[in-house]
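J.: The structure file model-v3.cif (mmCIF, C-alpha atoms and all ligand atoms) is provided below.
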data_final
loop_
_atom_site.group_PDB
_atom_site.id
_atom_site.type_symbol
_atom_site.label_atom_id
_atom_site.label_comp_id
_atom_site.auth_asym_id
_atom_site.auth_seq_id
_atom_site.Cartn_x
_atom_site.Cartn_y
_atom_site.Cartn_z
ATOM 1 C CA MET A 1 -7.092 -1.928 10.907
ATOM 2 C CA ILE A 2 -7.080 0.869 8.331
ATOM 3 C CA THR A 3 -8.612 0.224 4.934
ATOM 4 C CA PHE A 4 -7.858 2.372 1.894
ATOM 5 C CA LEU A 5 -9.720 2.520 -1.421
ATOM 6 C CA SER A 6 -7.088 3.162 -4.053
ATOM 7 C CA GLY A 7 -6.094 3.849 -7.617
ATOM 8 C CA GLY A 8 -2.471 3.906 -8.684
ATOM 9 C CA THR A 9 -1.046 7.329 -7.784
ATOM 10 C CA GLY A 10 -2.777 9.668 -5.299
ATOM 11 C CA THR A 11 -3.813 7.081 -2.707
ATOM 12 C CA PRO A 12 -0.548 5.102 -2.920
ATOM 13 C CA LYS A 13 1.241 8.371 -2.029
ATOM 14 C CA LEU A 14 -0.931 8.537 1.087
ATOM 15 C CA VAL A 15 -0.428 4.833 1.882
ATOM 16 C CA ARG A 16 3.324 5.465 1.704
ATOM 17 C CA GLY A 17 2.853 8.071 4.440
ATOM 18 C CA ALA A 18 0.552 5.853 6.521
ATOM 19 C CA ARG A 19 3.289 3.201 6.664
ATOM 20 C CA LYS A 20 5.284 5.635 8.824
ATOM 21 C CA HIS A 21 2.583 5.378 11.526
ATOM 22 C CA VAL A 22 0.914 1.976 11.136
ATOM 23 C CA PRO A 23 2.524 -1.445 10.639
ATOM 24 C CA ASP A 24 1.920 -2.988 7.218
ATOM 25 C CA HIS A 25 -0.073 -5.887 8.670
ATOM 26 C CA ALA A 26 -2.661 -3.360 9.933
ATOM 27 C CA ILE A 27 -3.157 -1.884 6.441
ATOM 28 C CA THR A 28 -5.600 -3.193 3.827
ATOM 29 C CA VAL A 29 -5.848 -1.593 0.404
ATOM 30 C CA ILE A 30 -8.846 -2.282 -1.822
ATOM 31 C CA VAL A 31 -7.606 -1.564 -5.319
ATOM 32 C CA ASN A 32 -9.249 -0.587 -8.597
ATOM 33 C CA THR A 33 -8.970 -3.273 -11.281
ATOM 34 C CA ALA A 34 -10.913 -1.530 -14.061
ATOM 35 C CA GLU A 35 -7.621 -0.530 -15.735
ATOM 36 C CA ASP A 36 -6.398 -4.140 -15.918
ATOM 37 C CA ILE A 37 -5.527 -5.462 -19.352
ATOM 38 C CA TRP A 38 -3.701 -8.437 -20.887
ATOM 39 C CA VAL A 39 -0.592 -7.141 -22.703
ATOM 40 C CA SER A 40 1.653 -9.350 -24.876
ATOM 41 C CA GLY A 41 0.072 -12.406 -23.247
ATOM 42 C CA ASN A 42 0.572 -11.287 -19.643
ATOM 43 C CA HIS A 43 -1.626 -9.703 -17.010
ATOM 44 C CA LEU A 44 -1.078 -6.003 -16.317
ATOM 45 C CA SER A 45 -2.898 -4.661 -13.257
ATOM 46 C CA PRO A 46 -1.478 -1.155 -13.035
ATOM 47 C CA ASP A 47 -2.978 -0.021 -9.743
ATOM 48 C CA ILE A 48 -2.356 -3.319 -7.937
ATOM 49 C CA ASP A 49 1.202 -3.395 -9.276
ATOM 50 C CA THR A 50 1.904 0.054 -7.843
ATOM 51 C CA LEU A 51 0.763 -1.156 -4.401
ATOM 52 C CA ILE A 52 2.756 -4.391 -4.716
ATOM 53 C CA TYR A 53 5.910 -2.466 -5.569
ATOM 54 C CA LEU A 54 5.247 0.096 -2.827
ATOM 55 C CA PHE A 55 4.909 -2.556 -0.117
ATOM 56 C CA SER A 56 7.838 -4.611 -1.425
ATOM 57 C CA GLY A 57 10.096 -1.544 -1.498
ATOM 58 C CA GLN A 58 10.639 -1.555 -5.261
ATOM 59 C CA LEU A 59 8.325 1.204 -6.516
ATOM 60 C CA ASN A 60 9.632 3.891 -8.822
ATOM 61 C CA THR A 61 8.275 6.897 -6.912
ATOM 62 C CA ASP A 62 9.269 9.306 -9.696
ATOM 63 C CA THR A 63 6.566 7.864 -11.956
ATOM 64 C CA TRP A 64 4.388 5.930 -9.430
ATOM 65 C CA TRP A 65 4.467 2.890 -11.713
ATOM 66 C CA GLY A 66 7.034 0.181 -12.359
ATOM 67 C CA ILE A 67 10.215 -0.810 -10.538
ATOM 68 C CA THR A 68 13.071 1.566 -9.742
ATOM 69 C CA GLY A 69 15.980 1.068 -12.126
ATOM 70 C CA ASP A 70 14.142 -1.502 -14.273
ATOM 71 C CA SER A 71 15.407 -2.167 -17.817
ATOM 72 C CA PHE A 72 13.192 -2.320 -20.931
ATOM 73 C CA HIS A 73 15.086 -4.794 -23.175
ATOM 74 C CA THR A 74 12.076 -7.070 -23.858
ATOM 75 C CA HIS A 75 9.796 -4.116 -24.547
ATOM 76 C CA GLN A 76 12.305 -2.633 -27.009
ATOM 77 C CA GLU A 77 12.875 -5.996 -28.704
ATOM 78 C CA LEU A 78 9.122 -6.644 -29.022
ATOM 79 C CA ASN A 79 8.614 -3.295 -30.698
ATOM 80 C CA ARG A 80 11.584 -4.007 -33.001
ATOM 81 C CA LEU A 81 9.819 -7.270 -33.948
ATOM 82 C CA GLY A 82 6.695 -5.332 -34.909
ATOM 83 C CA VAL A 83 4.629 -5.966 -31.770
ATOM 84 C CA ASP A 84 2.731 -2.768 -30.975
ATOM 85 C CA GLU A 85 3.278 -2.892 -27.220
ATOM 86 C CA TYR A 86 2.209 0.663 -26.518
ATOM 87 C CA ILE A 87 2.743 0.420 -22.746
ATOM 88 C CA GLY A 88 6.364 0.567 -21.611
ATOM 89 C CA ILE A 89 6.738 -2.561 -19.483
ATOM 90 C CA GLY A 90 10.013 -3.057 -17.643
ATOM 91 C CA ASP A 91 11.743 -6.443 -17.648
ATOM 92 C CA ARG A 92 11.332 -7.140 -13.935
ATOM 93 C CA ASP A 93 7.839 -5.629 -13.972
ATOM 94 C CA ARG A 94 6.955 -8.053 -16.790
ATOM 95 C CA ALA A 95 8.019 -10.981 -14.574
ATOM 96 C CA LEU A 96 5.210 -10.099 -12.165
ATOM 97 C CA HIS A 97 2.731 -9.893 -15.064
ATOM 98 C CA ILE A 98 3.861 -13.316 -16.298
ATOM 99 C CA ALA A 99 3.600 -14.854 -12.814
ATOM 100 C CA ARG A 100 0.101 -13.429 -12.270
ATOM 101 C CA GLY A 101 -1.016 -14.422 -15.778
ATOM 102 C CA GLU A 102 0.126 -17.997 -15.096
ATOM 103 C CA LEU A 103 -1.796 -18.165 -11.805
ATOM 104 C CA LEU A 104 -4.935 -16.823 -13.504
ATOM 105 C CA ARG A 105 -4.555 -19.333 -16.351
ATOM 106 C CA GLU A 106 -4.218 -22.106 -13.732
ATOM 107 C CA GLY A 107 -7.646 -21.095 -12.428
ATOM 108 C CA TYR A 108 -6.798 -18.996 -9.375
ATOM 109 C CA SER A 109 -8.949 -15.921 -8.817
ATOM 110 C CA LEU A 110 -7.252 -12.524 -8.986
ATOM 111 C CA THR A 111 -7.623 -12.230 -5.190
ATOM 112 C CA GLU A 112 -5.887 -15.590 -4.706
ATOM 113 C CA ALA A 113 -3.183 -14.709 -7.217
ATOM 114 C CA ILE A 114 -2.391 -11.453 -5.397
ATOM 115 C CA GLN A 115 -2.389 -13.262 -2.044
ATOM 116 C CA ILE A 116 0.090 -15.869 -3.356
ATOM 117 C CA LEU A 117 2.365 -13.281 -4.961
ATOM 118 C CA SER A 118 2.217 -10.992 -1.905
ATOM 119 C CA ALA A 119 3.350 -13.893 0.293
ATOM 120 C CA ARG A 120 6.168 -14.765 -2.099
ATOM 121 C CA MET A 121 7.279 -11.116 -2.106
ATOM 122 C CA GLY A 122 7.170 -10.776 1.699
ATOM 123 C CA ILE A 123 4.377 -8.181 1.678
ATOM 124 C CA GLY A 124 2.753 -7.754 5.093
ATOM 125 C CA ALA A 125 -0.161 -5.556 4.026
ATOM 126 C CA CYS A 126 -3.336 -6.971 2.540
ATOM 127 C CA ILE A 127 -3.803 -5.920 -1.093
ATOM 128 C CA LEU A 128 -7.322 -6.759 -2.251
ATOM 129 C CA PRO A 129 -8.532 -6.457 -5.858
ATOM 130 C CA MET A 130 -11.908 -4.697 -5.803
ATOM 131 C CA SER A 131 -13.374 -7.592 -7.805
ATOM 132 C CA ASP A 132 -12.498 -10.950 -9.323
ATOM 133 C CA GLU A 133 -14.734 -10.281 -12.317
ATOM 134 C CA GLU A 134 -13.544 -9.102 -15.713
ATOM 135 C CA VAL A 135 -14.022 -5.332 -15.760
ATOM 136 C CA ALA A 136 -12.734 -2.410 -17.786
ATOM 137 C CA THR A 137 -13.193 1.323 -18.030
ATOM 138 C CA LEU A 138 -13.882 2.172 -21.650
ATOM 139 C CA ILE A 139 -13.638 5.619 -23.214
ATOM 140 C CA ARG A 140 -15.979 6.509 -26.072
ATOM 141 C CA THR A 141 -14.183 8.822 -28.495
ATOM 142 C CA ASP A 142 -14.651 9.973 -32.092
ATOM 143 C CA ASN A 143 -12.070 7.269 -32.952
ATOM 144 C CA GLY A 144 -14.254 4.545 -31.423
ATOM 145 C CA THR A 145 -14.451 2.939 -27.994
ATOM 146 C CA LEU A 146 -11.062 2.407 -26.391
ATOM 147 C CA HIS A 147 -9.819 0.659 -23.260
ATOM 148 C CA PHE A 148 -8.707 3.323 -20.766
ATOM 149 C CA GLN A 149 -5.056 2.282 -21.214
ATOM 150 C CA GLU A 150 -5.331 2.827 -24.977
ATOM 151 C CA TYR A 151 -6.908 6.241 -24.431
ATOM 152 C CA TRP A 152 -4.417 7.344 -21.794
ATOM 153 C CA VAL A 153 -1.144 5.640 -22.753
ATOM 154 C CA LYS A 154 -1.391 4.987 -26.508
ATOM 155 C CA HIS A 155 -3.221 8.194 -27.432
ATOM 156 C CA LYS A 156 -1.765 10.176 -24.496
ATOM 157 C CA GLY A 157 -5.236 11.354 -23.441
ATOM 158 C CA THR A 158 -5.507 13.615 -26.493
ATOM 159 C CA LEU A 159 -8.772 12.346 -28.038
ATOM 160 C CA PRO A 160 -11.977 14.256 -27.226
ATOM 161 C CA ILE A 161 -14.169 12.101 -24.951
ATOM 162 C CA GLN A 162 -17.866 11.450 -25.573
ATOM 163 C CA ASP A 163 -18.479 9.196 -22.570
ATOM 164 C CA VAL A 164 -16.896 6.930 -19.966
ATOM 165 C CA VAL A 165 -18.472 3.498 -19.578
ATOM 166 C CA ARG A 166 -17.810 0.416 -17.495
ATOM 167 C CA TYR A 167 -17.559 -2.971 -19.171
ATOM 168 C CA ALA A 168 -18.415 -5.766 -16.733
ATOM 169 C CA PRO A 169 -19.860 -8.683 -18.709
ATOM 170 C CA THR A 170 -20.424 -10.986 -15.703
ATOM 171 C CA GLY A 171 -21.575 -8.257 -13.297
ATOM 172 C CA LEU A 172 -19.465 -6.378 -10.799
ATOM 173 C CA PHE A 173 -19.243 -8.275 -7.525
ATOM 174 C CA ALA A 174 -16.905 -7.196 -4.750
ATOM 175 C CA GLY A 175 -13.844 -9.425 -4.462
ATOM 176 C CA GLU A 176 -13.379 -11.920 -1.678
ATOM 177 C CA GLY A 177 -12.698 -10.114 1.602
ATOM 178 C CA VAL A 178 -13.555 -6.631 0.298
ATOM 179 C CA ILE A 179 -16.773 -6.104 2.265
ATOM 180 C CA LYS A 180 -15.222 -7.582 5.425
ATOM 181 C CA ALA A 181 -12.207 -5.272 5.041
ATOM 182 C CA ILE A 182 -14.546 -2.256 4.982
ATOM 183 C CA LYS A 183 -16.751 -3.452 7.845
ATOM 184 C CA ASN A 184 -13.843 -4.445 10.112
ATOM 185 C CA ALA A 185 -11.834 -1.252 9.546
ATOM 186 C CA ASP A 186 -11.397 1.342 12.308
ATOM 187 C CA ARG A 187 -11.550 3.865 9.496
ATOM 188 C CA VAL A 188 -11.806 3.705 5.732
ATOM 189 C CA ILE A 189 -9.760 6.249 3.818
ATOM 190 C CA ILE A 190 -10.518 7.116 0.207
ATOM 191 C CA GLY A 191 -7.303 8.761 -0.848
ATOM 192 C CA PRO A 192 -7.013 11.489 -3.482
ATOM 193 C CA SER A 193 -7.535 9.149 -6.410
ATOM 194 C CA ASN A 194 -9.290 9.821 -9.698
ATOM 195 C CA PRO A 195 -13.016 9.640 -8.834
ATOM 196 C CA ILE A 196 -14.099 8.423 -12.290
ATOM 197 C CA THR A 197 -11.509 5.789 -13.170
ATOM 198 C CA SER A 198 -10.233 4.687 -9.745
ATOM 199 C CA ILE A 199 -12.885 5.145 -7.048
ATOM 200 C CA LEU A 200 -16.251 4.843 -8.857
ATOM 201 C CA PRO A 201 -15.351 1.352 -10.149
ATOM 202 C CA ILE A 202 -14.792 0.251 -6.532
ATOM 203 C CA LEU A 203 -18.044 1.898 -5.415
ATOM 204 C CA GLU A 204 -19.893 0.097 -8.238
ATOM 205 C CA CYS A 205 -18.942 -3.328 -6.832
ATOM 206 C CA SER A 206 -21.955 -4.880 -5.151
ATOM 207 C CA GLY A 207 -22.156 -4.323 -1.402
ATOM 208 C CA VAL A 208 -19.420 -1.681 -1.208
ATOM 209 C CA ILE A 209 -21.611 1.415 -0.695
ATOM 210 C CA PRO A 210 -23.840 -0.202 2.000
ATOM 211 C CA ALA A 211 -20.685 -1.328 3.835
ATOM 212 C CA LEU A 212 -19.217 2.187 3.609
ATOM 213 C CA MET A 213 -22.436 3.649 5.022
ATOM 214 C CA ASP A 214 -21.859 1.599 8.195
ATOM 215 C CA SER A 215 -18.197 2.657 8.499
ATOM 216 C CA PHE A 216 -16.262 5.796 9.417
ATOM 217 C CA VAL A 217 -15.153 7.085 6.014
ATOM 218 C CA ILE A 218 -12.672 9.861 5.229
ATOM 219 C CA ALA A 219 -12.225 10.998 1.610
ATOM 220 C CA VAL A 220 -9.489 13.273 0.256
ATOM 221 C CA SER A 221 -10.020 15.488 -2.785
ATOM 222 C CA PRO A 222 -7.640 15.051 -5.742
ATOM 223 C CA PHE A 223 -8.497 18.560 -6.985
ATOM 224 C CA ILE A 224 -7.307 22.057 -6.201
ATOM 225 C CA GLY A 225 -9.659 24.491 -7.928
ATOM 226 C CA ASN A 226 -10.547 23.159 -11.381
ATOM 227 C CA ALA A 227 -7.459 21.037 -11.836
ATOM 228 C CA PRO A 228 -6.284 17.678 -10.553
ATOM 229 C CA ILE A 229 -2.726 17.456 -9.249
ATOM 230 C CA SER A 230 -1.954 15.076 -12.131
ATOM 231 C CA GLY A 231 -3.648 12.849 -14.708
ATOM 232 C CA PRO A 232 -6.866 13.032 -16.735
ATOM 233 C CA ALA A 233 -9.438 13.455 -13.927
ATOM 234 C CA ALA A 234 -10.714 16.816 -15.233
ATOM 235 C CA VAL A 235 -11.735 15.673 -18.737
ATOM 236 C CA LEU A 236 -13.200 12.474 -17.313
ATOM 237 C CA MET A 237 -15.301 14.421 -14.773
ATOM 238 C CA ASN A 238 -16.469 16.713 -17.604
ATOM 239 C CA ALA A 239 -17.412 13.665 -19.701
ATOM 240 C CA ARG A 240 -19.671 12.535 -16.852
ATOM 241 C CA GLY A 241 -21.292 15.999 -16.670
ATOM 242 C CA LEU A 242 -19.447 16.919 -13.474
ATOM 243 C CA SER A 243 -17.310 19.968 -12.809
ATOM 244 C CA PRO A 244 -13.720 18.911 -12.152
ATOM 245 C CA ASP A 245 -13.428 20.064 -8.555
ATOM 246 C CA SER A 246 -13.761 19.135 -4.896
ATOM 247 C CA ALA A 247 -17.479 19.958 -4.746
ATOM 248 C CA SER A 248 -18.319 17.422 -7.459
ATOM 249 C CA THR A 249 -15.981 14.878 -5.922
ATOM 250 C CA PHE A 250 -17.794 15.279 -2.599
ATOM 251 C CA SER A 251 -21.168 14.929 -4.368
ATOM 252 C CA LEU A 252 -20.065 11.446 -5.519
ATOM 253 C CA TYR A 253 -19.127 10.391 -1.963
ATOM 254 C CA LYS A 254 -21.571 12.308 0.205
ATOM 255 C CA GLU A 255 -23.978 9.470 1.051
ATOM 256 C CA PHE A 256 -21.275 7.588 2.995
ATOM 257 C CA CYS A 257 -18.498 10.148 3.608
ATOM 258 C CA ASP A 258 -18.107 11.249 7.259
ATOM 259 C CA LEU A 259 -15.162 13.601 6.745
ATOM 260 C CA PHE A 260 -14.143 15.269 3.490
ATOM 261 C CA VAL A 261 -10.627 16.656 3.201
ATOM 262 C CA GLN A 262 -9.583 19.479 0.884
ATOM 263 C CA ASP A 263 -6.306 21.228 0.278
ATOM 264 C CA ILE A 264 -5.732 24.517 2.128
ATOM 265 C CA ARG A 265 -5.202 26.209 -1.281
ATOM 266 C CA ASP A 266 -8.475 24.968 -2.794
ATOM 267 C CA PRO A 267 -10.704 27.966 -3.725
ATOM 268 C CA VAL A 268 -13.760 25.685 -4.062
ATOM 269 C CA ASP A 269 -15.347 25.383 -0.638
ATOM 270 C CA VAL A 270 -17.075 22.226 0.496
ATOM 271 C CA PRO A 271 -18.867 23.203 3.752
ATOM 272 C CA GLY A 272 -17.715 21.183 6.771
ATOM 273 C CA SER A 273 -14.575 19.857 5.108
ATOM 274 C CA LEU A 274 -11.237 19.542 6.894
ATOM 275 C CA ARG A 275 -8.598 21.785 5.327
ATOM 276 C CA CYS A 276 -4.977 20.679 5.251
ATOM 277 C CA ASP A 277 -1.937 20.523 2.999
ATOM 278 C CA THR A 278 -2.717 17.548 0.738
ATOM 279 C CA LEU A 279 0.175 18.013 -1.689
ATOM 280 C CA MET A 280 2.328 14.940 -1.112
ATOM 281 C CA THR A 281 5.482 16.051 -2.881
ATOM 282 C CA ASN A 282 7.697 13.859 -0.707
ATOM 283 C CA GLU A 283 7.505 11.070 1.873
ATOM 284 C CA GLU A 284 7.494 13.487 4.837
ATOM 285 C CA LYS A 285 4.483 15.355 3.441
ATOM 286 C CA SER A 286 2.694 12.056 2.818
ATOM 287 C CA ALA A 287 3.425 11.027 6.407
ATOM 288 C CA ALA A 288 2.132 14.357 7.767
ATOM 289 C CA LEU A 289 -1.149 14.097 5.836
ATOM 290 C CA ALA A 290 -1.541 10.451 6.857
ATOM 291 C CA GLU A 291 -0.991 11.352 10.519
ATOM 292 C CA THR A 292 -3.770 13.955 10.332
ATOM 293 C CA LEU A 293 -6.169 11.489 8.713
ATOM 294 C CA LEU A 294 -5.323 8.682 11.109
ATOM 295 C CA SER A 295 -6.090 10.853 14.117
ATOM 296 C CA ALA A 296 -9.018 12.915 12.779
ATOM 297 C CA GLY A 297 -11.998 12.408 15.086
ATOM 298 C CA ARG A 298 -15.366 11.044 14.203
HETATM 299 P P1 LIG B 301 -4.156 6.534 -11.302
HETATM 300 O O1 LIG B 301 -4.725 5.164 -11.103
HETATM 301 O O2 LIG B 301 -2.715 6.538 -11.718
HETATM 302 O O3 LIG B 301 -5.041 7.451 -12.094
HETATM 303 O O4 LIG B 301 -4.054 7.135 -9.852
HETATM 304 P P2 LIG B 301 -5.124 7.589 -8.773
HETATM 305 O O5 LIG B 301 -6.491 7.550 -9.298
HETATM 306 O O6 LIG B 301 -4.810 6.852 -7.516
HETATM 307 O O7 LIG B 301 -4.647 9.066 -8.540
HETATM 308 C C1 LIG B 301 -4.809 10.069 -9.518
HETATM 309 C C2 LIG B 301 -5.223 11.315 -8.817
HETATM 310 O O8 LIG B 301 -4.291 11.577 -7.773
HETATM 311 C C3 LIG B 301 -5.230 12.536 -9.700
HETATM 312 O O9 LIG B 301 -6.547 12.947 -9.909
HETATM 313 C C4 LIG B 301 -4.413 13.573 -8.909
HETATM 314 O O10 LIG B 301 -5.064 14.805 -8.841
HETATM 315 C C5 LIG B 301 -4.303 12.953 -7.537
HETATM 316 N N1 LIG B 301 -3.051 13.282 -6.846
HETATM 317 C C6 LIG B 301 -1.802 12.899 -7.210
HETATM 318 N N2 LIG B 301 -0.919 13.377 -6.313
HETATM 319 C C7 LIG B 301 -1.620 14.067 -5.375
HETATM 320 C C8 LIG B 301 -1.252 14.785 -4.192
HETATM 321 O O11 LIG B 301 -0.091 14.874 -3.807
HETATM 322 N N3 LIG B 301 -2.277 15.367 -3.489
HETATM 323 C C9 LIG B 301 -3.586 15.279 -3.892
HETATM 324 N N4 LIG B 301 -4.515 15.890 -3.157
HETATM 325 N N5 LIG B 301 -3.953 14.607 -4.997
HETATM 326 C C10 LIG B 301 -2.980 13.984 -5.714
#
The structure in this file should be written as structure tokens.

T.:
Amino acid sequence: MITFLSGGTGTPKLVRGARKHVPDHAITVIVNTAEDIWVSGNHLSPDIDTLIYLFSGQLNTDTWWGITGDSFHTHQELNRLGVDEYIGIGDRDRALHIARGELLREGYSLTEAIQILSARMGIGACILPMSDEEVATLIRTDNGTLHFQEYWVKHKGTLPIQDVVRYAPTGLFAGEGVIKAIKNADRVIIGPSNPITSILPILECSGVIPALMDSFVIAVSPFIGNAPISGPAAVLMNARGLSPDSASTFSLYKEFCDLFVQDIRDPVDVPGSLRCDTLMTNEEKSAALAETLLSAGR
């Protein structure tokens, strides 16, 4: 079994490639839930949704969120009615949020809800929320403290950041099956996801780091030089006092990381790292990178 730790873009690109080599039932993905938020009464879990749509063959791989060819009638109508729904939610995408919201309101845990929906959608892989607790990444700005989605989607990441904090009122416990999925894996792969908003929340869940220390862990850098391939990772690293590069990313993972992978073009050198082409601009390139990581020796 291969276990991935994932956000909603970089690692899903790698998982897409891994599916060319490994059957879905041998893949487990532990997914960040610190970007989850209730929107218009329904439960949005952006990173989990990307994995659900990837494994059910519906993902819009131009944007890495939402369903290919989805319509936005409800979203447009809500905004016409004065509801400030600042996240563009597609009609079919919203159906999943409604279904999950209903299960959560009925008392199912997030893990159970994802298990039920995965079965209904014919998904063979195991998608595990990192935690069943309420958790959010909050961004402290001059305009106040905002949920990450508000910072990134509503304000388009334009506000200067003072700090990044985690809100976890009941504590951050690993979700059901998370520790087992790390311990039972032949290898754990931390894909090139945003260290601050996607991977650190998973690492903060109780028991995750000790389990990783006992496993064979490969981590892929999301940076080339001082820039991420996409998204706000650079400003978020800066806000945490870290340089936005592979060296700082490695410093966050070094206590449990057995093999660090950097792009061949990366001018920042992390001694001992494996160099390869990590730019997954299409499915073939994702498959090639996945093949390298699946066969890299201990
Ligand atoms: P989010 O939840 O949407 O922020 O997605 P992730 O955290 O999973 O991924 C975001 C990170 O993926 C960014 O920091 C990007 O630099 C990185 N990324 C996206 N595409 C690629 C790629 O093709 N190669 C590499 N190395 N990194 C990528």

J.: Please enumerate the residues selected by the PyMOL selection byres (((chain A and resi 165) around 8) and not hetatm) when evaluated against the supplied file, formatted as JSON, numbers by chain.

T.: {"A": [137, 138, 139, 140, 163, 164, 166, 167]}

J.: Output C-alpha atoms for every residue in the selection just made, as a tab-separated table (two decimals), in the coordinates of the input.

T.:
chain	number	residue	atom	x	y	z
A	137	THR	CA	-13.19	1.32	-18.03
A	138	LEU	CA	-13.88	2.17	-21.65
A	139	ILE	CA	-13.64	5.62	-23.21
A	140	ARG	CA	-15.98	6.51	-26.07
A	163	ASP	CA	-18.48	9.20	-22.57
A	164	VAL	CA	-16.90	6.93	-19.97
A	166	ARG	CA	-17.81	0.42	-17.50
A	167	TYR	CA	-17.56	-2.97	-19.17

J.: Carefully work through the PyMOL selection byres (((not hetatm)) within 8 of (chain B and resi 301)) for this structure and note down the residues it includes, as a ChimeraX atom specification.

T.: /A:6-13,32,35,46-47,64,191-195,197-199,220-224,227-234,262-263,278-281,286

J.: To one decimal in Å, tell me the separation between atom CA of A:Glu291 and atom CA of A:Ile2.

T.: 12.3 Å

J.: Could you tell me how far atom CA of A:Asn238 lies from atom CA of A:Gly144, in Å and to one decimal?

T.: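 The value is 18.5 Å.
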
J.: Which distance in Å separates atom CA of A:Cys257 and atom CA of A:Asp49, to one decimal?

T.: 27.2 Å

J.: Quick one: apply the PyMOL selection byres (((chain A and resi 67) around 12) and not hetatm) to the file and drop the selected residues here as a ChimeraX atom specification.

T.: /A:46,49-66,68-72,88-96

J.: For the point (-12.7, 12.7, 2.5) in file coordinates, what residues are within 6 Å, counting all atoms listed in the file? Give the answer as a ChimeraX atom specification?

T.: /A:218-220,259-261

J.: Pick from A:Leu104, A:Thr3, A:Trp38, A:Arg240: nearest to A:Ser215, with only C-alpha atoms counted?

T.: A:Thr3
